[in-house]
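Take a look at the structure set out below.
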Amino acid sequence: MRAKRTAALPFLVATVLLGATACGGATPTDPTAAPTRAAPSTTPPPADPVAAWVDERMSQLTIEEKAAALLMLHAPGTDPAPLRAYVDAGVSGLILMGDNVPPGPAELAALTAAAQADPEAPVLVGIDEEGGEVQRLPWDESASAEELRAEPAAASRIAFASRASTLAQAGVSVNFGIVADVTADSESFIFGRILGTDPAAAAERVAAAVSGEQGTVFSTLKHFPGHGAAPGDSHSSVPAAPLTIDEWRAGPAIPFGAGIEAGAELVMTGHLAYPAVDAAPASLSAEWHRILREELGFAGVIVTDDMLMLQHNGLPEYADPGENAVRAIAAGSDLLLYVLPADPSEFGISVDGLAASIVAAVQSGRIDVGRLDEAVERVLTLRRSLVA
């Protein structure tokens with residue numbers, strides 16, 4: 001499902017070769033002889049079939065279709081028709097909430113299968129399955145974060161491996177389930193969901209959780225750059241963290257870095273601010289996206305937290321859903337998440353409307369064409385790797 005890290009391979013190969021030279025008893029060569037050069041290879045390097053497919057698919061998409069491909073939406077209920085309608089409209093993802101969950105795993109598998117439309121690039125099906133306080137599947141019996149932070153890191157790997165298997169059997173491909181936030185404050189909104197109360201402990205368990213999910217579902221780290229340092233609930237406000245960038249690097253950054261190093265495919269940005277770095281919420285901040293890419297080296301899909309949370313906080317600057325979408329994509333987001341009601345027009349939202357706002361921003365130059373294309377490429381790569 002995904003490429004393995006091979007950074008240590010060149011060193012290992014070099015070590016083996018040096019050992020063979022030192023111990024091998026080969027015939028000494030004439031030191032005055034000209035060095036022997038290998039003939040250049042005429043064999044082209046192997047092509048990446050996923051990249052080739054993505055290139056071909058992107059060449060067929062209109063700008064409107066590219067814009068729609070950056071959306072992951074929710075429709076309530078266990079009828080697959082509204083979910084399938086979003087897929088037919090060109091979105092790349094569906095997020096399941098508690099209202100989508102039928103009595104058992106077989107019924108959920110049937111629901112997710114009925115929502116699929118493109119066997120060459122299955123739509124991403126995501127869910128918040130942390131265990132404990134945030135759990136959508138009642139039959140998920142794996143340990144919660146509150147239990148795991150009192151256990152060795154190996155317990156996190158075992159729990160998330162079991163959870164991933166449960167999700168995959170039901171047709172879920174993305175787990176928004178690994179909380180990389182860290183805090184020692186038991187009164188914090190996020191405290192019951194963290195894997196560690198200090199950066200080192202959280203990092204160890206976050207990496208173990210990613211390792212457990214690897215090869216079964218795609219892992220998501222949340223809520224970047226770290227909710228634990230930001231008092232308040234981002235469902236109803238834009239919490240602010242009083243940390244400098246150096247304080248962030250020495251603390252909240254550590255679990256995210258560990259999860260990225262372990263191979264997490266997605267990072268979810270939070271609607272929370274670190275004013276010493278950027279006054280804007282991280283989900284709309286170009287600077288935080290730069291830090292995530294350049295300092296932490298994340299090359300996967302950046303997904304926002306539910307974009308409706310910005311509208312729900314009552315601040316006038318976040319009242320326009322189209323403007324929020326444009327700001328998020330321009331900042332560096334690849335996938336926009338929307339937990340929608342049965343009638344999205346209640347909040348002024350539709351697939352066509354969101355796509356139109358993004359298209360207009362590309363045409364006006366607010367969003368660079370290259371920015372749009374790189375986001376679509378990352379999302380399509382993730383989708384294609386489900387079948388590659």
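We label chains A, B, ... in the order they appear in the structure tokens, count residues from 1 in each chain, and number ligands from 1 in the order shown.
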- Using only C-alpha atoms, determine which residues lie at most 8 Å from segment 175-187 of chain A, disregarding the query and same-chain residues fewer than 4 positions distant; provide the list as a PyMOL selection string. chain A and resi 126-131+164+167+191-199+202-203+206+209-210+217-224+226-229+252+255-256+259
- Query: Counting only C-alpha atoms, what is within 12 Å of Thr62 of chain A, bar same-chain residues fewer than 3 positions away, as a list in words?
  - Reply: Arg57, Met58, Ser59, Glu65, Lys66, Ala67, Ala68, Ala69, Gly90, Ala355, Val359, Leu372, Asp373 and Val376 of chain A
Limited to C-alpha atoms, could you put the picked residues into a file as a PDB file, in the first residue's frame?
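And here's selection33.pdb as it stands now:
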```
ATOM      1  CA  ARG A  57      -5.707  11.328 -14.759  1.00  0.00           C
ATOM      2  CA  MET A  58      -4.769  14.941 -14.017  1.00  0.00           C
ATOM      3  CA  SER A  59      -4.339  15.649 -17.725  1.00  0.00           C
ATOM      4  CA  GLU A  65     -12.984  18.907 -11.376  1.00  0.00           C
ATOM      5  CA  LYS A  66      -9.619  19.585  -9.743  1.00  0.00           C
ATOM      6  CA  ALA A  67     -11.273  21.971  -7.293  1.00  0.00           C
ATOM      7  CA  ALA A  68     -13.959  19.430  -6.371  1.00  0.00           C
ATOM      8  CA  ALA A  69     -11.283  16.782  -5.879  1.00  0.00           C
ATOM      9  CA  GLY A  90     -16.246  14.610  -7.930  1.00  0.00           C
ATOM     10  CA  ALA A 355     -15.436  24.473  -6.291  1.00  0.00           C
ATOM     11  CA  VAL A 359     -11.745  28.160  -9.423  1.00  0.00           C
ATOM     12  CA  LEU A 372      -3.898  23.634  -7.038  1.00  0.00           C
ATOM     13  CA  ASP A 373      -2.147  20.934  -9.056  1.00  0.00           C
ATOM     14  CA  VAL A 376      -4.751  17.393  -6.449  1.00  0.00           C
TER      15      VAL A 376
END
```
Please report as a tab-separated table every residue of segment 298-378 of chain A lying within 10 Å of segment 82-86 of chain A, along with the nearest atom pair and their distance in Å (one decimal), using only C-alpha atoms.
```
residue	atom	partner	partner_atom	distance
A:Ala342	CA	A:Pro82	CA	8.5
A:Ser350	CA	A:Tyr86	CA	9.7
A:Val351	CA	A:Tyr86	CA	7.7
```
Just to be explicit: take each residue in the selection above, keep C-alpha atoms, and write the result as a PDB file, in the first residue's frame.
```
ATOM      1  CA  ALA A 342     -28.561  16.841   5.407  1.00  0.00           C
ATOM      2  CA  SER A 350     -22.499  23.020  -1.936  1.00  0.00           C
ATOM      3  CA  VAL A 351     -19.885  21.123  -3.911  1.00  0.00           C
TER       4      VAL A 351
END
```
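Remark: for Asp334 of chain A, the closest of the candidate residues A:Leu315, A:Val50, A:Leu284, A:Met97 is A:Leu284 (distances computed over only C-alpha atoms).
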- Query: Mind checking DSSP for segment 90-327 of chain A and telling me the helix (DSSP H, G or I) residues as a VMD selection string?
  - Reply: chain A and resid 98 to 100 105 to 115 145 to 148 153 to 169 191 to 193 199 to 213 245 to 250 253 to 262 282 to 284 286 to 295 308 to 312 316 to 318 321 to 327
- Show which residues sit within 7 Å of Val101 of chain A, as a PyMOL selection string. Count only C-alpha atoms, and ignore same-chain residues fewer than 2 positions away. chain A and resi 78+98-99+103+108+137
Emit the selected residues as a CSV table (one decimal), in the first residue's frame, including all heavy atoms.
```csv
chain,number,residue,atom,x,y,z
A,78,THR,N,-27.6,6.4,7.2
A,78,THR,CA,-27.1,5.1,6.7
A,78,THR,C,-27.5,4.8,5.3
A,78,THR,O,-27.3,3.7,4.8
A,78,THR,CB,-27.5,4.0,7.6
A,78,THR,OG1,-28.9,4.0,7.8
A,78,THR,CG2,-26.8,4.2,9.0
A,98,GLY,N,-21.0,9.4,13.6
A,98,GLY,CA,-21.8,8.4,14.3
A,98,GLY,C,-23.1,8.1,13.7
A,98,GLY,O,-23.6,7.0,13.7
A,99,ASP,N,-23.7,9.1,13.0
A,99,ASP,CA,-25.0,8.9,12.4
A,99,ASP,C,-24.9,8.1,11.1
A,99,ASP,O,-25.9,7.7,10.6
A,99,ASP,CB,-25.7,10.3,12.1
A,99,ASP,CG,-24.8,11.2,11.2
A,99,ASP,OD1,-24.0,10.7,10.5
A,99,ASP,OD2,-25.0,12.4,11.3
A,103,PRO,N,-25.8,-1.0,12.7
A,103,PRO,CA,-25.6,-1.8,13.9
A,103,PRO,C,-24.4,-2.7,13.9
A,103,PRO,O,-23.9,-3.0,14.9
A,103,PRO,CB,-26.9,-2.7,13.9
A,103,PRO,CG,-27.9,-1.9,13.1
A,103,PRO,CD,-27.2,-1.2,12.1
A,108,LEU,N,-21.9,-1.7,7.7
A,108,LEU,CA,-21.0,-0.6,7.4
A,108,LEU,C,-20.2,-0.9,6.1
A,108,LEU,O,-20.0,0.0,5.3
A,108,LEU,CB,-20.1,-0.2,8.6
A,108,LEU,CG,-19.2,1.0,8.4
A,108,LEU,CD1,-20.0,2.2,8.0
A,108,LEU,CD2,-18.4,1.2,9.6
A,137,LEU,N,-17.3,3.7,16.2
A,137,LEU,CA,-17.8,2.3,16.0
A,137,LEU,C,-17.9,1.6,17.4
A,137,LEU,O,-16.9,1.4,18.1
A,137,LEU,CB,-16.7,1.5,15.2
A,137,LEU,CG,-16.3,2.1,13.8
A,137,LEU,CD1,-15.4,1.1,13.1
A,137,LEU,CD2,-17.5,2.3,13.0
```
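For Leu354 of chain A, the set of protein, DNA and RNA residues having any atom at most 10 Å away, when counting only C-alpha atoms and skipping those fewer than 2 positions along the same chain, is Glu64, Ala67, Ala68, Leu70, Leu71, Pro321, Gly322, Glu323, Asn324, Ala325, Val326, Gly348, Ile349, Ser350, Val351, Asp352, Ala356, Ser357, Ile358 and Val359 of chain A.
Running DSSP on the backbone gives strand (DSSP E) for these residues within segment 214-332 of chain A: Phe218, Ser219, Thr220, Leu221, Lys222, His223, Phe224, Leu266, Val267, Met268, Thr269, Val301, Ile302, Val303 and Thr304 of chain A.
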- Identify, on the basis of only C-alpha atoms, every residue whose closest approach to Ala161 of chain A does not exceed 10 Å; exclude the query and any residue fewer than 5 positions from it along the same chain; express the result as an MDAnalysis selection string. chainID A and resid 142 155:156 166:167 208:217
- Surrounding residues of Phe189 of chain A excluding itself and chain neighbours under 4 positions, 8 Å, only C-alpha atoms, as an MDAnalysis selection string: chainID A and resid 231:233
